[in-house]
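File shown here: query.json, holding JSON, C-alpha atoms.
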[["chain", "number", "residue", "atom", "x", "y", "z"],
["A", 898, "MET", "CA", 5.86, -16.32, 11.42],
["A", 899, "GLU", "CA", 3.90, -13.48, 12.95],
["A", 900, "ALA", "CA", 2.67, -10.97, 10.39],
["A", 901, "PRO", "CA", 3.01, -7.45, 11.82],
["A", 902, "LEU", "CA", 0.19, -5.03, 11.14],
["A", 903, "ASP", "CA", 2.72, -2.52, 9.84],
["A", 904, "LEU", "CA", 3.18, -4.90, 6.90],
["A", 905, "ILE", "CA", -0.43, -5.99, 6.48],
["A", 906, "LEU", "CA", -2.05, -2.55, 6.64],
["A", 907, "PRO", "CA", -0.04, -1.03, 3.75],
["A", 908, "LEU", "CA", -0.75, -4.10, 1.63],
["A", 909, "MET", "CA", -4.42, -3.88, 2.52],
["A", 910, "ALA", "CA", -4.38, -0.21, 1.45],
["A", 911, "ILE", "CA", -2.73, -1.17, -1.85],
["A", 912, "GLY", "CA", -5.39, -3.85, -2.24],
["A", 913, "TYR", "CA", -8.10, -1.24, -1.70],
["A", 914, "LEU", "CA", -6.52, 1.08, -4.29],
["A", 915, "SER", "CA", -6.28, -1.70, -6.85],
["A", 916, "GLY", "CA", -9.87, -2.69, -6.14],
["A", 917, "THR", "CA", -11.13, 0.81, -6.92],
["A", 918, "TRP", "CA", -10.19, 0.31, -10.58],
["A", 919, "LEU", "CA", -13.66, -0.49, -11.92],
["A", 920, "GLY", "CA", -13.11, -2.48, -15.08],
["A", 921, "ALA", "CA", -16.53, -1.62, -16.48],
["A", 922, "LEU", "CA", -15.79, 2.12, -16.48],
["A", 923, "THR", "CA", -12.42, 1.76, -18.21],
["A", 924, "VAL", "CA", -13.69, -0.71, -20.79],
["A", 925, "CYS", "CA", -16.80, 1.30, -21.63],
["A", 926, "ARG", "CA", -14.85, 4.58, -21.91],
["A", 927, "LEU", "CA", -12.26, 3.00, -24.21],
["A", 928, "ALA", "CA", -15.07, 1.54, -26.34],
["A", 929, "GLY", "CA", -16.87, 4.89, -26.50],
["A", 930, "VAL", "CA", -20.11, 3.56, -25.03],
["A", 931, "GLY", "CA", -22.25, 4.79, -22.15],
["A", 932, "ASP", "CA", -21.42, 4.60, -18.47],
["A", 933, "PRO", "CA", -22.96, 1.32, -17.19],
["A", 934, "ARG", "CA", -23.81, 3.05, -13.89],
["A", 935, "LEU", "CA", -26.42, 5.11, -15.74],
["A", 936, "ALA", "CA", -28.42, 2.32, -17.40],
["A", 937, "GLY", "CA", -29.71, -1.19, -16.84],
["A", 938, "SER", "CA", -29.11, -2.26, -13.26],
["A", 939, "CYS", "CA", -26.73, 0.72, -12.84],
["A", 940, "ASN", "CA", -24.06, -1.68, -11.60],
["A", 941, "PRO", "CA", -20.49, -1.35, -12.94],
["A", 942, "GLY", "CA", -19.95, -5.05, -13.41],
["A", 943, "PHE", "CA", -19.86, -7.93, -15.85],
["A", 944, "SER", "CA", -23.60, -8.71, -15.91],
["A", 945, "ASN", "CA", -24.77, -5.16, -16.56],
["A", 946, "VAL", "CA", -22.13, -4.57, -19.24],
["A", 947, "LEU", "CA", -23.21, -7.84, -20.89],
["A", 948, "ARG", "CA", -26.85, -6.71, -20.98],
["A", 949, "LEU", "CA", -25.99, -3.21, -22.21],
["A", 950, "HIS", "CA", -23.03, -3.68, -24.54],
["A", 951, "GLY", "CA", -22.55, -7.36, -25.34],
["A", 952, "ARG", "CA", -20.12, -10.17, -24.71],
["A", 953, "ARG", "CA", -16.87, -8.59, -25.88],
["A", 954, "LEU", "CA", -16.99, -5.65, -23.47],
["A", 955, "ALA", "CA", -18.40, -7.82, -20.68],
["A", 956, "LEU", "CA", -15.50, -10.26, -21.03],
["A", 957, "ALA", "CA", -12.98, -7.40, -20.96],
["A", 958, "THR", "CA", -14.68, -6.06, -17.81],
["A", 959, "LEU", "CA", -14.49, -9.50, -16.23],
["A", 960, "VAL", "CA", -10.78, -9.84, -16.98],
["A", 961, "VAL", "CA", -9.95, -6.48, -15.36],
["A", 962, "ASP", "CA", -12.07, -7.11, -12.27],
["A", 963, "VAL", "CA", -10.68, -10.62, -11.77],
["A", 964, "ALA", "CA", -7.02, -9.66, -12.31],
["A", 965, "LYS", "CA", -6.69, -6.26, -10.64],
["A", 966, "GLY", "CA", -6.07, -7.54, -7.11],
["A", 967, "MET", "CA", -3.76, -10.39, -8.05],
["A", 968, "PRO", "CA", -0.40, -8.53, -7.97],
["A", 969, "VAL", "CA", -0.78, -7.32, -4.38],
["A", 970, "LEU", "CA", -1.96, -10.78, -3.29],
["A", 971, "TRP", "CA", 1.03, -12.43, -4.94],
["A", 972, "LEU", "CA", 3.28, -9.94, -3.14],
["A", 973, "ALA", "CA", 1.57, -10.70, 0.17],
["A", 974, "MET", "CA", 2.07, -14.42, -0.41],
["A", 975, "ARG", "CA", 5.75, -13.89, -1.26],
["A", 976, "LEU", "CA", 6.14, -12.00, 2.00],
["A", 977, "GLY", "CA", 4.80, -15.02, 3.87],
["A", 978, "LEU", "CA", 1.60, -13.57, 5.33],
["A", 979, "PRO", "CA", -0.60, -16.12, 7.15],
["A", 980, "PRO", "CA", -4.10, -16.90, 5.87],
["A", 981, "TRP", "CA", -5.77, -14.21, 8.00],
["A", 982, "GLY", "CA", -3.27, -11.60, 6.76],
["A", 983, "LEU", "CA", -3.81, -12.63, 3.15],
["A", 984, "GLY", "CA", -7.53, -12.48, 3.82],
["A", 985, "LEU", "CA", -7.25, -8.87, 4.99],
["A", 986, "VAL", "CA", -5.36, -7.92, 1.84],
["A", 987, "GLY", "CA", -8.02, -9.66, -0.25],
["A", 988, "LEU", "CA", -10.73, -7.91, 1.75],
["A", 989, "GLY", "CA", -9.04, -4.62, 0.88],
["A", 990, "VAL", "CA", -9.45, -5.46, -2.81],
["A", 991, "LEU", "CA", -13.13, -6.30, -2.36],
["A", 992, "LEU", "CA", -13.84, -3.17, -0.32],
["A", 993, "GLY", "CA", -12.13, -1.06, -2.97],
["A", 994, "HIS", "CA", -14.26, -2.61, -5.69],
["A", 995, "SER", "CA", -17.49, -2.36, -3.72],
["A", 996, "TYR", "CA", -16.92, 1.07, -2.14],
["A", 997, "PRO", "CA", -14.46, 3.07, -4.30],
["A", 998, "ALA", "CA", -13.81, 6.46, -2.68],
["A", 999, "TRP", "CA", -13.37, 8.32, -6.00],
["A", 1000, "HIS", "CA", -16.67, 7.05, -7.36],
["A", 1001, "HIS", "CA", -18.75, 8.24, -4.39],
["A", 1002, "PHE", "CA", -18.47, 4.73, -2.87],
["A", 1003, "ARG", "CA", -20.67, 3.35, -5.68],
["A", 1004, "GLY", "CA", -18.94, 0.22, -6.84],
["A", 1005, "GLY", "CA", -19.77, -3.25, -8.04],
["A", 1006, "LYS", "CA", -21.17, -6.32, -6.34],
["A", 1007, "GLY", "CA", -17.76, -7.91, -5.83],
["A", 1008, "VAL", "CA", -18.39, -11.28, -7.48],
["A", 1009, "ALA", "CA", -15.67, -11.09, -10.15],
["A", 1010, "SER", "CA", -13.21, -9.47, -7.75],
["A", 1011, "ALA", "CA", -13.91, -12.13, -5.11],
["A", 1012, "PHE", "CA", -13.30, -14.79, -7.75],
["A", 1013, "GLY", "CA", -9.95, -13.19, -8.59],
["A", 1014, "VAL", "CA", -8.92, -12.98, -4.95],
["A", 1015, "MET", "CA", -9.94, -16.58, -4.29],
["A", 1016, "LEU", "CA", -8.23, -17.73, -7.49],
["A", 1017, "VAL", "CA", -4.96, -16.66, -5.86],
["A", 1018, "LEU", "CA", -5.70, -17.71, -2.27],
["A", 1019, "THR", "CA", -7.97, -20.75, -2.73],
["A", 1020, "PRO", "CA", -7.84, -21.73, -6.43],
["A", 1021, "TRP", "CA", -9.88, -24.94, -6.11],
["A", 1022, "VAL", "CA", -12.65, -23.15, -4.23],
["A", 1023, "ALA", "CA", -12.66, -20.40, -6.86],
["A", 1024, "LEU", "CA", -12.87, -22.91, -9.72],
["A", 1025, "PHE", "CA", -15.65, -24.85, -7.97],
["A", 1026, "CYS", "CA", -17.66, -21.63, -7.50],
["A", 1027, "ALA", "CA", -17.04, -20.53, -11.10],
["A", 1028, "ALA", "CA", -18.26, -23.89, -12.43],
["A", 1029, "LEU", "CA", -21.34, -23.68, -10.20],
["A", 1030, "TRP", "CA", -21.98, -20.08, -11.33],
["A", 1031, "MET", "CA", -21.80, -21.04, -15.02],
["A", 1032, "LEU", "CA", -24.09, -24.05, -14.51],
["A", 1033, "LEU", "CA", -26.67, -21.92, -12.71],
["A", 1034, "VAL", "CA", -26.54, -19.13, -15.29],
["A", 1035, "TRP", "CA", -27.11, -21.71, -18.01],
["A", 1036, "ARG", "CA", -30.07, -23.22, -16.13],
["A", 1037, "VAL", "CA", -31.81, -20.20, -14.57],
["A", 1038, "ARG", "CA", -30.53, -17.35, -16.81],
["A", 1039, "THR", "CA", -30.25, -14.97, -13.84],
["A", 1040, "ALA", "CA", -26.81, -13.74, -12.80],
["A", 1041, "SER", "CA", -27.82, -12.72, -9.29],
["A", 1042, "VAL", "CA", -29.21, -16.19, -8.48],
["A", 1043, "ALA", "CA", -25.99, -17.77, -9.76],
["A", 1044, "SER", "CA", -23.89, -15.30, -7.76],
["A", 1045, "LEU", "CA", -25.86, -15.72, -4.54],
["A", 1046, "VAL", "CA", -25.82, -19.52, -4.65],
["A", 1047, "SER", "CA", -22.13, -19.66, -5.60],
["A", 1048, "ALA", "CA", -21.20, -17.23, -2.83],
["A", 1049, "THR", "CA", -23.22, -19.21, -0.29],
["A", 1050, "MET", "CA", -21.52, -22.45, -1.32],
["A", 1051, "ALA", "CA", -18.00, -20.97, -1.15],
["A", 1052, "PRO", "CA", -17.55, -21.38, 2.64],
["A", 1053, "LEU", "CA", -18.71, -24.99, 2.47],
["A", 1054, "ALA", "CA", -16.31, -25.67, -0.39],
["A", 1055, "SER", "CA", -13.49, -23.99, 1.52],
["A", 1056, "LEU", "CA", -14.04, -26.26, 4.54],
["A", 1057, "TRP", "CA", -13.31, -29.17, 2.23],
["A", 1058, "LEU", "CA", -10.75, -27.71, -0.20],
["A", 1059, "ALA", "CA", -8.97, -24.95, 1.76],
["A", 1060, "PRO", "CA", -9.78, -25.21, 5.48],
["A", 1061, "ASP", "CA", -7.09, -22.71, 6.49],
["A", 1062, "PHE", "CA", -9.00, -20.04, 4.56],
["A", 1063, "ALA", "CA", -12.54, -20.97, 5.64],
["A", 1064, "GLY", "CA", -12.90, -17.92, 7.92],
["A", 1065, "VAL", "CA", -11.56, -15.65, 5.20],
["A", 1066, "VAL", "CA", -14.00, -17.04, 2.63],
["A", 1067, "ILE", "CA", -16.91, -16.56, 5.05],
["A", 1068, "VAL", "CA", -16.05, -12.85, 5.33],
["A", 1069, "PHE", "CA", -15.86, -12.54, 1.52],
["A", 1070, "THR", "CA", -19.23, -14.30, 1.21],
["A", 1071, "LEU", "CA", -20.91, -11.98, 3.72],
["A", 1072, "LEU", "CA", -19.69, -8.94, 1.78],
["A", 1073, "VAL", "CA", -20.93, -10.32, -1.55],
["A", 1074, "LEU", "CA", -24.31, -11.20, -0.05],
["A", 1075, "ALA", "CA", -24.64, -7.74, 1.50],
["A", 1076, "ARG", "CA", -23.88, -6.16, -1.88],
["A", 1077, "HIS", "CA", -26.74, -8.19, -3.37],
["A", 1078, "ALA", "CA", -29.39, -6.95, -0.93],
["A", 1079, "LEU", "CA", -31.29, -5.10, -3.68],
["A", 1080, "ASN", "CA", -31.14, -8.15, -5.95],
["A", 1081, "ILE", "CA", -32.55, -10.31, -3.16],
["A", 1082, "ARG", "CA", -35.48, -7.89, -2.77],
["A", 1083, "ARG", "CA", -36.07, -7.88, -6.53],
["A", 1084, "LEU", "CA", -35.97, -11.67, -6.65],
["A", 1085, "GLY", "CA", -38.59, -11.76, -3.90],
["A", 1086, "CYS", "CA", -40.83, -9.44, -5.95],
["A", 1087, "GLY", "CA", -40.14, -11.27, -9.24],
["A", 1088, "ASP", "CA", -38.56, -8.14, -10.77],
["A", 1089, "GLU", "CA", -34.97, -9.32, -11.21],
["A", 1090, "PRO", "CA", -33.89, -8.98, -14.86],
["A", 1091, "PRO", "CA", -32.57, -12.07, -16.64],
["A", 1092, "LEU", "CA", -29.02, -12.24, -17.93]]
Full structure transcribed into structure tokens:
Amino acid sequence: MEAPLDLILPLMAIGYLSGTWLGALTVCRLAGVGDPRLAGSCNPGFSNVLRLHGRRLALATLVVDVAKGMPVLWLAMRLGLPPWGLGLVGLGVLLGHSYPAWHHFRGGKGVASAFGVMLVLTPWVALFCAALWMLLVWRVRTASVASLVSATMAPLASLWLAPDFAGVVIVFTLLVLARHALNIRRLGCGDEPPL
């Protein structure tokens, strides 16, 4: 079935709106602790919240960022969108997380949100990348290295486990890598903080 843009574009907009809910800000406000954008790596994401405020708040942040795009993706799947249409809705979620309009376009790196999107669209790829991320964090103790390697491996895994979504996963990977440009520079200089 052809997926008309007049269906995809509203869903993509809803995806963007859901993506702009930055879990770190909500969790830290409810806990009465400081804004994670003002300390540490200044990133509103799992890793920075873990460094600043510990495991409990980091896990809550992770849950929000993983889950927030799932309802609109489930709706898009129920409506029978093809892989490229589902990919655009997922991209909306990632763009909302990375460039939220109401936070001066200062969002997160997109790793947790990409995991949540892929958990719906390509669950085996998502689980493979999550297992690889955890293994790398355990071995190298640096979240950005784990994120960069996992993101880079995602397209290869998708060719094997979800070939219909390979193009979609490549786009997600490029966005995540672009959001890690500063981390890549810090890794090159040896200044990247450990997890």
Contacts of region 915-982 of chain A with region 993-1012 of chain A up to 6 Å, shortest pair per row, all atoms listed in the file, as a Markdown table:
| residue | atom | partner | partner_atom | distance |
| --- | --- | --- | --- | --- |
| A:Gly916 | CA | A:Gly993 | CA | 4.2 |
| A:Thr917 | CA | A:Gly993 | CA | 4.5 |
| A:Asn940 | CA | A:Gly1005 | CA | 5.8 |
| A:Pro941 | CA | A:Gly1005 | CA | 5.3 |
| A:Gly942 | CA | A:Gly1005 | CA | 5.7 |
| A:Asp962 | CA | A:Ser1010 | CA | 5.2 |
| A:Val963 | CA | A:Ser1010 | CA | 4.9 |
Prev. selection, C-alpha atoms, output as a PDB file, in the coordinates of the input:
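Okay, result_16.pdb is ready:
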ATOM      1  CA  GLY A 916      -9.870  -2.690  -6.140  1.00  0.00           C
ATOM      2  CA  THR A 917     -11.130   0.810  -6.920  1.00  0.00           C
ATOM      3  CA  ASN A 940     -24.060  -1.680 -11.600  1.00  0.00           C
ATOM      4  CA  PRO A 941     -20.490  -1.350 -12.940  1.00  0.00           C
ATOM      5  CA  GLY A 942     -19.950  -5.050 -13.410  1.00  0.00           C
ATOM      6  CA  ASP A 962     -12.070  -7.110 -12.270  1.00  0.00           C
ATOM      7  CA  VAL A 963     -10.680 -10.620 -11.770  1.00  0.00           C
TER       8      VAL A 963
END
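Our summary of the geometry notes that CA of Ala921 (chain A) is positioned 15.2 Å from CA of Gly966 (chain A).
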Skipping near chain neighbours, those fewer than 4 positions away, what residues fall within 9 Å of region 1022-1026 of chain A using all atoms listed in the file, listed as a PDB file with C-alpha atoms, in the frame of the given file?
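And here is the file that came out, part32.pdb:
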ATOM      1  CA  ALA A1011     -13.910 -12.130  -5.110  1.00  0.00           C
ATOM      2  CA  PHE A1012     -13.300 -14.790  -7.750  1.00  0.00           C
ATOM      3  CA  GLY A1013      -9.950 -13.190  -8.590  1.00  0.00           C
ATOM      4  CA  VAL A1014      -8.920 -12.980  -4.950  1.00  0.00           C
ATOM      5  CA  MET A1015      -9.940 -16.580  -4.290  1.00  0.00           C
ATOM      6  CA  LEU A1016      -8.230 -17.730  -7.490  1.00  0.00           C
ATOM      7  CA  VAL A1017      -4.960 -16.660  -5.860  1.00  0.00           C
ATOM      8  CA  LEU A1018      -5.700 -17.710  -2.270  1.00  0.00           C
ATOM      9  CA  TRP A1030     -21.980 -20.080 -11.330  1.00  0.00           C
ATOM     10  CA  MET A1031     -21.800 -21.040 -15.020  1.00  0.00           C
ATOM     11  CA  SER A1044     -23.890 -15.300  -7.760  1.00  0.00           C
ATOM     12  CA  VAL A1046     -25.820 -19.520  -4.650  1.00  0.00           C
ATOM     13  CA  SER A1047     -22.130 -19.660  -5.600  1.00  0.00           C
ATOM     14  CA  ALA A1048     -21.200 -17.230  -2.830  1.00  0.00           C
ATOM     15  CA  MET A1050     -21.520 -22.450  -1.320  1.00  0.00           C
ATOM     16  CA  ALA A1051     -18.000 -20.970  -1.150  1.00  0.00           C
ATOM     17  CA  PRO A1052     -17.550 -21.380   2.640  1.00  0.00           C
ATOM     18  CA  ALA A1054     -16.310 -25.670  -0.390  1.00  0.00           C
ATOM     19  CA  SER A1055     -13.490 -23.990   1.520  1.00  0.00           C
ATOM     20  CA  TRP A1057     -13.310 -29.170   2.230  1.00  0.00           C
ATOM     21  CA  LEU A1058     -10.750 -27.710  -0.200  1.00  0.00           C
ATOM     22  CA  ALA A1059      -8.970 -24.950   1.760  1.00  0.00           C
TER      23      ALA A1059
END
**OP:** Just the residues within 9 Å of Val1034 (chain A), please, counting only C-alpha atoms, with nothing from its chain fewer than 6 positions along; format it as an MDAnalysis selection string.
**Re:** chainID A and resid 1040:1044 1092
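Note that CA of Lys965 (chain A) and CA of Met909 (chain A) are 13.6 Å apart.
If you measure from each of A:Val986, A:Leu992, A:Cys939, A:Val1066 to Leu1079 (chain A) using all atoms listed in the file, the closest one turns out to be A:Cys939.
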**OP:** Find the spatial neighbours of Leu983 (chain A), counting only C-alpha atoms, within a cut-off of 12 Å - ignore same-chain residues fewer than 5 positions away - and output them as a PyMOL selection string.
**Re:** chain A and resi 900+902+904-906+908-909+912+966-967+969-978+988-990+1014-1015+1017-1019+1061-1062+1064-1066
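Across the structure, CA of Ala964 (chain A) and CA of Ala1027 (chain A) are spaced 14.8 Å apart.
Using only C-alpha atoms, the shortest contact distance between Arg1083 (chain A) and any of A:Leu914, A:Ser938, A:Gly920, A:Trp1035 is found at A:Ser938.
Using all atoms listed in the file, the smallest distance between any of A:Leu985, A:Ala910, A:Val930, A:Leu1045 and Ala1075 (chain A) comes from A:Leu1045.
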Excluding Arg953 (chain A) and residues on its chain fewer than 3 positions from it, collect all residues at most 12 Å away from it, counting only C-alpha atoms, and give them as a PDB file with C-alpha atoms, in the coordinates of the input.
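out_9.pdb, freshly written:
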ATOM      1  CA  ALA A 921     -16.530  -1.620 -16.480  1.00  0.00           C
ATOM      2  CA  VAL A 924     -13.690  -0.710 -20.790  1.00  0.00           C
ATOM      3  CA  CYS A 925     -16.800   1.300 -21.630  1.00  0.00           C
ATOM      4  CA  ALA A 928     -15.070   1.540 -26.340  1.00  0.00           C
ATOM      5  CA  PHE A 943     -19.860  -7.930 -15.850  1.00  0.00           C
ATOM      6  CA  VAL A 946     -22.130  -4.570 -19.240  1.00  0.00           C
ATOM      7  CA  LEU A 947     -23.210  -7.840 -20.890  1.00  0.00           C
ATOM      8  CA  ARG A 948     -26.850  -6.710 -20.980  1.00  0.00           C
ATOM      9  CA  LEU A 949     -25.990  -3.210 -22.210  1.00  0.00           C
ATOM     10  CA  HIS A 950     -23.030  -3.680 -24.540  1.00  0.00           C
ATOM     11  CA  LEU A 956     -15.500 -10.260 -21.030  1.00  0.00           C
ATOM     12  CA  ALA A 957     -12.980  -7.400 -20.960  1.00  0.00           C
ATOM     13  CA  THR A 958     -14.680  -6.060 -17.810  1.00  0.00           C
ATOM     14  CA  LEU A 959     -14.490  -9.500 -16.230  1.00  0.00           C
ATOM     15  CA  VAL A 960     -10.780  -9.840 -16.980  1.00  0.00           C
TER      16      VAL A 960
END
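Using all atoms listed in the file for every distance, the candidate list A:Asn1080, A:Leu991, A:Gly982, A:Gly1087 yields A:Gly982 as the residue closest to Pro907 (chain A).
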Padded axis-aligned box of region 963-966 of chain A (3 Å per side), centre and edge lengths, Å, one decimal, as lines of an AutoDock Vina configuration file:
center_x = -8.4
center_y = -8.4
center_z = -9.7
size_x = 10.6
size_y = 10.4
size_z = 11.2
